[in-house]
Each structure stands twice: as structure tokens, then as C-alpha cells.
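**Student:** File target10.tsv below, TSV, C-alpha atoms:
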```
chain	number	residue	atom	x	y	z
A	1	ALA	CA	134.22	61.61	71.35
A	2	ARG	CA	132.80	62.79	68.03
A	3	TYR	CA	129.73	64.70	67.07
A	4	GLU	CA	128.35	66.22	63.88
A	5	SER	CA	128.92	69.97	64.21
A	6	ALA	CA	127.29	71.08	60.94
A	7	PRO	CA	123.73	71.43	62.33
A	8	PHE	CA	124.94	73.70	65.14
A	9	GLY	CA	125.87	77.35	64.99
A	10	ARG	CA	129.30	78.75	65.83
A	11	GLU	CA	128.19	79.78	69.31
A	12	ILE	CA	127.17	76.22	70.24
A	13	SER	CA	130.31	74.69	68.74
A	14	ASP	CA	132.53	77.12	70.65
A	15	VAL	CA	130.95	75.93	73.88
A	16	VAL	CA	130.95	72.19	73.13
A	17	ASP	CA	134.31	71.68	71.39
A	18	PRO	CA	136.59	72.57	74.34
A	19	ARG	CA	134.61	70.23	76.62
A	20	LEU	CA	134.82	67.11	74.48
A	21	PRO	CA	138.16	65.97	76.01
A	22	HIS	CA	136.64	66.26	79.49
A	23	LEU	CA	133.59	64.23	78.47
A	24	ASP	CA	135.81	61.65	76.78
A	25	GLY	CA	137.85	61.36	79.97
A	26	LEU	CA	134.74	60.85	82.04
A	27	ALA	CA	133.54	58.13	79.66
A	28	HIS	CA	136.83	56.23	80.10
A	29	ASP	CA	137.00	56.78	83.87
A	30	PRO	CA	133.39	57.14	85.09
A	31	HIS	CA	134.24	56.55	88.76
A	32	VAL	CA	136.24	59.77	89.11
A	33	ALA	CA	134.19	62.63	90.56
A	34	LEU	CA	133.87	65.63	88.28
A	35	GLY	CA	135.28	67.85	91.02
A	36	GLY	CA	138.36	65.63	91.19
A	37	ARG	CA	139.37	66.14	87.55
A	38	ARG	CA	142.27	68.49	87.01
A	39	ASP	CA	142.29	70.19	83.63
A	40	ARG	CA	145.25	71.92	82.02
A	41	ASP	CA	143.33	75.17	81.84
A	42	HIS	CA	142.09	76.22	85.28
A	43	HIS	CA	139.44	78.49	83.77
A	44	GLN	CA	138.00	75.60	81.78
A	45	HIS	CA	137.98	73.56	84.98
A	46	VAL	CA	136.07	76.27	86.83
A	47	ASP	CA	133.63	76.73	83.95
A	48	LEU	CA	133.07	72.98	83.60
A	49	LEU	CA	132.09	72.72	87.24
A	50	GLY	CA	129.83	75.75	87.06
A	51	ALA	CA	131.82	77.27	89.93
A	52	PRO	CA	131.57	80.97	90.72
A	53	ASP	CA	133.91	83.70	89.56
A	54	ALA	CA	135.03	86.36	92.01
A	55	ASP	CA	131.68	88.15	91.86
A	56	ARG	CA	129.43	85.14	92.34
A	57	GLY	CA	128.78	84.26	95.96
A	58	ALA	CA	125.84	82.49	97.57
A	59	ASN	CA	122.54	84.14	96.69
A	60	ALA	CA	122.02	85.16	100.31
A	61	GLU	CA	125.34	87.00	100.30
A	62	ARG	CA	124.41	88.79	97.09
A	63	GLU	CA	121.10	89.84	98.60
A	64	ASP	CA	123.00	91.30	101.57
A	65	ARG	CA	125.18	93.39	99.25
A	66	ARG	CA	122.18	94.57	97.21
A	67	ARG	CA	120.27	95.50	100.35
A	68	LEU	CA	123.19	97.59	101.60
A	69	ARG	CA	123.12	99.54	98.34
A	70	VAL	CA	119.36	100.20	98.36
A	71	PRO	CA	118.20	99.50	101.94
A	72	ARG	CA	114.73	101.03	101.58
A	73	ARG	CA	113.71	99.74	98.18
A	74	PRO	CA	110.68	97.43	98.61
A	75	ALA	CA	111.31	93.73	98.07
A	76	ALA	CA	107.72	92.55	97.65
A	77	ALA	CA	104.19	93.82	97.22
A	78	PRO	CA	101.36	93.70	98.02
A	79	GLY	CA	100.71	92.51	101.58
A	80	PRO	CA	101.39	93.30	105.22
A	81	GLY	CA	104.29	92.04	107.25
A	82	PRO	CA	107.81	93.15	108.17
A	83	ALA	CA	109.41	92.28	104.84
A	84	ASP	CA	112.73	93.83	105.91
A	85	ARG	CA	113.15	91.52	108.91
A	86	ALA	CA	114.56	88.19	107.86
A	87	ARG	CA	116.49	87.23	110.98
A	88	GLY	CA	113.81	85.07	112.60
A	89	PRO	CA	114.89	81.68	111.19
A	90	ALA	CA	118.53	82.26	112.19
A	91	ARG	CA	117.45	82.97	115.77
A	92	LEU	CA	115.53	79.68	115.72
A	93	GLY	CA	118.63	77.69	114.90
A	94	VAL	CA	118.29	77.55	111.11
A	95	GLY	CA	121.62	77.15	109.35
A	96	PRO	CA	123.34	75.05	106.68
A	97	GLY	CA	121.86	71.56	106.53
A	98	VAL	CA	118.59	72.58	108.22
A	99	TYR	CA	115.37	72.07	106.25
A	100	VAL	CA	112.45	74.46	106.76
A	101	GLY	CA	108.97	73.77	105.44
A	102	VAL	CA	107.15	76.74	103.87
A	103	HIS	CA	103.38	76.20	103.95
A	104	LEU	CA	101.88	79.63	103.29
A	105	GLU	CA	99.02	81.09	101.31
A	106	ARG	CA	100.22	83.30	98.47
A	107	GLY	CA	101.16	86.77	99.61
A	108	ALA	CA	104.08	89.08	100.29
A	109	GLU	CA	104.73	87.17	103.53
A	110	MET	CA	106.30	84.39	101.45
A	111	VAL	CA	109.22	86.61	100.49
A	112	PRO	CA	110.69	87.48	103.92
A	113	ALA	CA	110.08	83.87	104.97
A	114	LEU	CA	112.21	82.57	102.10
A	115	LEU	CA	114.86	85.27	102.53
A	116	GLY	CA	115.12	84.50	106.23
A	117	ILE	CA	115.71	80.82	105.54
A	118	LEU	CA	118.26	81.44	102.78
A	119	LYS	CA	120.14	84.17	104.65
A	120	ALA	CA	120.43	81.88	107.68
A	121	GLY	CA	121.90	79.19	105.41
A	122	GLY	CA	118.96	76.77	105.57
A	123	ALA	CA	117.05	75.14	102.73
A	124	TYR	CA	113.35	75.77	102.17
A	125	VAL	CA	110.90	73.00	101.33
A	126	PRO	CA	107.78	74.52	99.71
A	127	MET	CA	104.40	72.89	100.35
A	128	ASP	CA	101.18	73.91	98.66
A	129	VAL	CA	98.35	74.78	101.04
A	130	ASP	CA	96.10	72.47	99.01
A	131	TYR	CA	98.27	69.41	99.60
A	132	PRO	CA	96.52	66.58	101.47
A	133	VAL	CA	97.73	66.18	105.04
A	134	GLN	CA	99.12	62.72	104.22
A	135	ARG	CA	101.34	64.09	101.46
A	136	MET	CA	102.59	66.84	103.75
A	137	SER	CA	103.43	64.30	106.44
A	138	GLN	CA	105.41	62.23	103.94
A	139	MET	CA	107.34	65.29	102.75
A	140	LEU	CA	108.10	66.49	106.29
A	141	GLU	CA	109.44	63.08	107.24
A	142	ASP	CA	111.34	62.43	104.02
A	143	ALA	CA	113.08	65.83	103.99
A	144	GLY	CA	113.78	65.82	107.70
A	145	VAL	CA	112.06	69.17	108.20
A	146	SER	CA	112.62	70.55	111.70
A	147	LEU	CA	110.75	73.87	111.36
A	148	LEU	CA	107.49	74.60	109.55
A	149	LEU	CA	106.41	78.15	108.70
A	150	THR	CA	102.66	78.39	108.19
A	151	GLN	CA	99.55	80.43	109.05
A	152	SER	CA	96.81	79.92	111.59
A	153	ALA	CA	94.12	79.43	108.93
A	154	VAL	CA	96.05	76.67	107.16
A	155	PRO	CA	95.67	73.09	108.47
A	156	VAL	CA	98.95	71.28	109.09
A	157	PRO	CA	99.71	67.76	110.30
A	158	VAL	CA	101.02	67.17	113.79
A	159	GLN	CA	104.52	65.81	113.24
A	160	ALA	CA	106.94	64.72	115.95
A	161	GLY	CA	110.11	66.79	116.00
A	162	VAL	CA	108.70	69.59	113.83
A	163	GLU	CA	108.31	73.05	115.35
A	164	VAL	CA	105.39	74.96	113.84
A	165	ILE	CA	105.34	78.76	113.66
A	166	GLU	CA	102.23	80.60	112.49
A	167	LEU	CA	103.63	83.74	110.92
A	168	ASP	CA	100.40	85.74	111.09
A	169	GLN	CA	100.44	85.23	114.86
A	170	ALA	CA	104.14	85.98	115.15
A	171	TRP	CA	104.44	89.18	113.08
A	172	GLU	CA	104.40	91.41	116.14
A	173	GLU	CA	107.35	89.56	117.66
A	174	ILE	CA	109.14	89.37	114.31
A	175	SER	CA	108.73	93.14	113.80
A	176	HIS	CA	111.09	93.71	116.72
A	177	GLU	CA	113.88	91.68	115.11
A	178	SER	CA	117.07	93.53	114.21
A	179	GLU	CA	117.57	94.65	110.62
A	180	ALA	CA	121.31	93.95	110.84
A	181	ASN	CA	122.76	91.36	108.50
A	182	VAL	CA	122.69	87.74	109.59
A	183	ASP	CA	126.06	86.13	110.34
A	184	SER	CA	125.93	82.95	108.29
A	185	GLU	CA	128.39	80.34	107.07
A	186	VAL	CA	126.32	79.70	103.93
A	187	SER	CA	128.27	78.94	100.75
A	188	GLY	CA	127.44	78.11	97.16
A	189	ALA	CA	127.66	74.40	97.95
A	190	ASN	CA	124.90	74.54	100.59
A	191	LEU	CA	121.37	73.53	99.69
A	192	ALA	CA	119.01	76.41	98.89
A	193	TYR	CA	115.76	74.48	98.47
A	194	VAL	CA	114.20	71.05	98.00
A	195	ILE	CA	111.26	70.77	95.60
A	196	TYR	CA	109.24	67.58	95.44
A	197	THR	CA	107.98	65.96	92.26
A	198	SER	CA	104.26	65.46	91.74
A	199	GLY	CA	104.43	61.75	92.56
A	200	SER	CA	102.27	60.91	89.55
A	201	THR	CA	104.48	57.88	88.81
A	202	GLY	CA	104.97	56.82	92.42
A	203	GLN	CA	106.31	58.28	95.66
A	204	PRO	CA	107.16	62.03	95.37
A	205	LYS	CA	110.91	62.59	95.29
A	206	GLY	CA	112.78	65.63	96.56
A	207	VAL	CA	115.05	67.44	94.10
A	208	MET	CA	117.86	69.26	95.92
A	209	ILE	CA	119.25	72.52	94.50
A	210	VAL	CA	122.33	74.31	95.89
A	211	HIS	CA	122.88	78.06	96.18
A	212	GLN	CA	125.43	78.09	93.35
A	213	SER	CA	122.88	76.72	90.89
A	214	VAL	CA	120.49	79.49	91.88
A	215	VAL	CA	123.21	82.12	91.42
A	216	ASN	CA	124.09	80.68	88.00
A	217	LEU	CA	120.43	80.96	87.01
A	218	TYR	CA	120.36	84.59	88.15
A	219	PHE	CA	123.42	85.52	86.09
A	220	ALA	CA	122.11	83.72	83.01
A	221	LEU	CA	118.80	85.58	83.24
A	222	ARG	CA	120.56	88.88	83.90
A	223	GLU	CA	122.75	88.46	80.82
A	224	ARG	CA	120.13	87.03	78.45
A	225	VAL	CA	116.80	88.46	79.56
A	226	TYR	CA	117.25	91.48	81.82
A	227	ALA	CA	120.30	93.03	80.14
A	228	GLY	CA	119.82	96.74	79.55
A	229	LEU	CA	116.58	96.98	81.52
A	230	GLY	CA	118.14	98.66	84.54
A	231	SER	CA	117.23	98.10	88.18
A	232	GLY	CA	114.10	98.77	90.18
A	233	LEU	CA	111.79	96.73	87.94
A	234	ARG	CA	108.53	95.26	89.24
A	235	VAL	CA	108.65	91.54	88.49
A	236	SER	CA	105.55	89.36	88.82
A	237	LEU	CA	105.83	86.26	90.98
A	238	ASN	CA	103.11	84.17	89.39
A	239	ALA	CA	104.51	80.64	89.65
A	240	SER	CA	103.88	78.38	92.62
A	241	LEU	CA	106.79	78.05	95.05
A	242	CYS	CA	106.44	74.31	94.50
A	243	PHE	CA	107.76	74.71	90.94
A	244	ASP	CA	111.22	75.81	89.80
A	245	ALA	CA	109.71	78.53	87.62
A	246	SER	CA	109.21	80.58	90.79
A	247	VAL	CA	112.98	80.69	91.36
A	248	LYS	CA	113.46	82.60	88.08
A	249	GLN	CA	111.31	85.32	89.56
A	250	LEU	CA	112.55	85.16	93.15
A	251	VAL	CA	116.20	85.66	92.13
A	252	GLN	CA	115.35	89.04	90.63
A	253	LEU	CA	115.65	90.40	94.17
A	254	LEU	CA	119.40	90.01	93.66
A	255	GLY	CA	119.21	92.61	90.90
A	256	GLY	CA	117.42	95.14	93.10
A	257	HIS	CA	114.01	94.49	91.57
A	258	ALA	CA	110.69	94.27	93.46
A	259	LEU	CA	108.44	91.21	93.36
A	260	CYS	CA	104.70	91.60	92.82
A	261	VAL	CA	103.11	88.46	94.26
A	262	ILE	CA	100.17	87.46	92.07
A	263	PRO	CA	97.22	86.18	94.17
A	264	GLU	CA	96.17	82.57	93.66
A	265	ALA	CA	92.78	83.44	92.15
A	266	VAL	CA	94.34	85.89	89.69
A	267	ARG	CA	97.16	83.69	88.46
A	268	ARG	CA	94.64	81.00	87.46
A	269	ASP	CA	92.46	83.49	85.55
A	270	GLY	CA	93.98	84.62	82.26
A	271	ALA	CA	91.66	87.62	81.85
A	272	ALA	CA	92.23	88.82	85.42
A	273	LEU	CA	95.99	88.34	85.08
```
Let me see the file written as C-alpha cells.
**Tutor:**
Amino acid sequence: ARYESAPFGREISDVVDPRLPHLDGLAHDPHVALGGRRDRDHHQHVDLLGAPDADRGANAEREDRRRLRVPRRPAAAPGPGPADRARGPARLGVGPGVYVGVHLERGAEMVPALLGILKAGGAYVPMDVDYPVQRMSQMLEDAGVSLLLTQSAVPVPVQAGVEVIELDQAWEEISHESEANVDSEVSGANLAYVIYTSGSTGQPKGVMIVHQSVVNLYFALRERVYAGLGSGLRVSLNASLCFDASVKQLVQLLGGHALCVIPEAVRRDGAAL
């Protein structure tokens, strides 16, 4: 494989050059899985696959370690709800390979809901409260969602095989959950979330993202954006959960930061924001 290196800086060339033999090998043998390639340099092999180093576990495991260091630092604001209790989904049978729909109005309640799903090893499927019922039904069926977290004021479709929990009606019960860590078999290879495309060119399609990709994003942001800023920052969560941009903000919990959930009306109003 050849490429013109002159237009690129040294930093880009240093990254691309060592990988050209791997890409050339893939071009000549496209049926071999990337994970099945064995490179002479193990570290290049690990880096090529985007695999974790010794400090990079699943994002749920990293959140456990952070929480043990600063157990009383707030995770999200503003809004009511037992944000420190995230065991509910695990008690309901959520684990690796289980898909949980998240259909909540914007508020701090979103954060413990997502943490509970991820810590249990499940994958969350975000659904905007403004979605038509038909689109929600299609997403629930296509993703194989078995549990839907919602609120009593939000209309949801009746779907066979889907258990619906209205969090605003269940907070009292949830508040009695243990604050102990969840025993989970989650790994970096497990799905973290499934986000659906808009469907503007046809049927919406689910894009599946694993925990390791989320952890890689966190480390990249920590090294390039948050370096030197310290911990305990207040980070605005202004993107919709239905868009990947929200993940860039959600992962800041792993750094010990607090999320400030921007209300729907405010995030659409530039002056108010």
C-alpha cells in the first residue's frame, strides 16, 4: 500500500506508517477477521484492535472504581431521585445481551437509569419522548427490548414481552436498594448502547456500540480535551440521548465530574442556554 505522506504532519505519519502492512495484509486476505491477525509486535496488535491496556476496563467497572474513591460526590444535577442507587436493573434480570429501552423526559433521573443498565451489563436503547408510537414499536421489536424505563406522564406503546417500569412511580421502592456494587460479568466486548438512525432514507437502523469503544472515547477526551483541568468539574449534558454526542458528556462521570442536565426548553434556546 502506498500513500502520499507530504500533505500530512509527522504526528499523522507516525500513526499511519506502522499500520500500512496490516492494511495491505487485509487487502490481500479480506476474509480473515481483524482479531485473528497475529502481528510481530504484540503492542501494535493491541493498538490496531483498539483493545484496552491494563487500566482500561469496561466503563461500568471504571465508574465503580471512581465511586469508591469519591462516594458522595454528586453524579448529576438538577432533579430528584436516588441517583446513587443503580442496582434496580440488575435485580430485574438485566445483564450482558439484554436491551433496555430508555424513554424519559430530560432530567437527572436519566443518569441513574443509564448507570444502572450499564453497571448490570445491559445495553440501553434511547427513545425520544416525542417519537411517534409507531416508531417506538418498531424500535422495541427490532432491538428485542425486554424492559422499558419510562414515566407515568409519557405515552408508550403496549408491546408483548416488554416490561414497563414508570420510574417516577417506583422511586420509593428504588430508594431502598442497596448502594453496594453490582456483581456483573460485563466486559469491554459487551454492548453498551444501541442508537437508531433517523430513518430519513428508509427504515431506522440500530447502531451498536460496545463498552470498549466508549472507554476509548473517554480516554481520548481526557487526554485531548480535559487534560490539566482536574476533577470535580460540572459538565453540561445538553445533547439528546438519541445522539452519540451525549456519550461524550456522559463518560465524564468516569473522571469524577458531575453532569448538569440541560432541560429540553433551555437546550433549544440559545439565549437561555
**Student:** Measure the distance from atom CA of A:Pro263 to atom CA of A:Arg106 in Å and round it to one decimal.
**Tutor:**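 Interatomic distance here is 6.0 Å.
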**Student:** Hey, what's within 8 Å of A:Gly97 if we count all atoms listed in the file and toss same-chain stuff fewer than 5 positions away? As a PyMOL selection string, please?
**Tutor:** chain A and resi 121-123+190-191
**Student:** Could you tell me which of A:Val215, A:Ala271, A:Leu118, A:Leu229 comes closest to A:Lys248 if we count all atoms listed in the file?
**Tutor:**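 Counting all atoms listed in the file, the residue closest to A:Lys248 is A:Val215.
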**Student:** Using all atoms listed in the file, which of A:Val100, A:Glu185, A:Val247, A:Glu173 sits nearest A:Leu148?
**Tutor:**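 With all atoms listed in the file as the atom set, the closest residue is A:Val100.
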**Student:** Extract, using all atoms listed in the file, all DNA, RNA and protein residues at most 9 Å from A:Phe243, discarding same-chain residues fewer than 5 positions from it, and format them as a JSON list (two decimals) with C-alpha atoms, in the coordinates of the input.
**Tutor:**
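Just written: around-v8.json:
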```
[["chain", "number", "residue", "atom", "x", "y", "z"],
["A", 126, "PRO", "CA", 107.78, 74.52, 99.71],
["A", 195, "ILE", "CA", 111.26, 70.77, 95.60],
["A", 196, "TYR", "CA", 109.24, 67.58, 95.44],
["A", 197, "THR", "CA", 107.98, 65.96, 92.26]]
```
**Student:** What's the separation between atom CA of A:Gln151 and atom CA of A:Ala245, in Å to one decimal place?
**Tutor:** 23.8 Å
**Student:** How many Å separate atom CA of A:Ala120 from atom CA of A:Glu264?
**Tutor:**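 Computed distance, atom CA of A:Ala120 to atom CA of A:Glu264, equals 28.0 Å.
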**Student:** Show which residues sit within 12 Å of A:Arg135, as a compact mmCIF listing (two decimals) with C-alpha atoms, keeping the file's coordinate frame. Count all atoms listed in the file, and ignore same-chain residues fewer than 3 positions away.
**Tutor:**
```
# COMPACT_ATOMS: atom_id res chain seq x y z
CA MET A 127 104.40 72.89 100.35
CA ASP A 128 101.18 73.91 98.66
CA VAL A 129 98.35 74.78 101.04
CA ASP A 130 96.10 72.47 99.01
CA TYR A 131 98.27 69.41 99.60
CA PRO A 132 96.52 66.58 101.47
CA GLN A 138 105.41 62.23 103.94
CA MET A 139 107.34 65.29 102.75
CA LEU A 140 108.10 66.49 106.29
CA GLU A 141 109.44 63.08 107.24
CA ASP A 142 111.34 62.43 104.02
CA VAL A 156 98.95 71.28 109.09
CA PRO A 157 99.71 67.76 110.30
CA TYR A 196 109.24 67.58 95.44
CA THR A 197 107.98 65.96 92.26
CA SER A 198 104.26 65.46 91.74
CA GLY A 199 104.43 61.75 92.56
CA GLN A 203 106.31 58.28 95.66
CA PRO A 204 107.16 62.03 95.37
CA LYS A 205 110.91 62.59 95.29
```
**Student:** Quick one: of A:Ser200, A:Ser152, A:Gln212, A:Gln249, who's nearest to A:Val164, counting all atoms listed in the file?
**Tutor:** A:Ser152
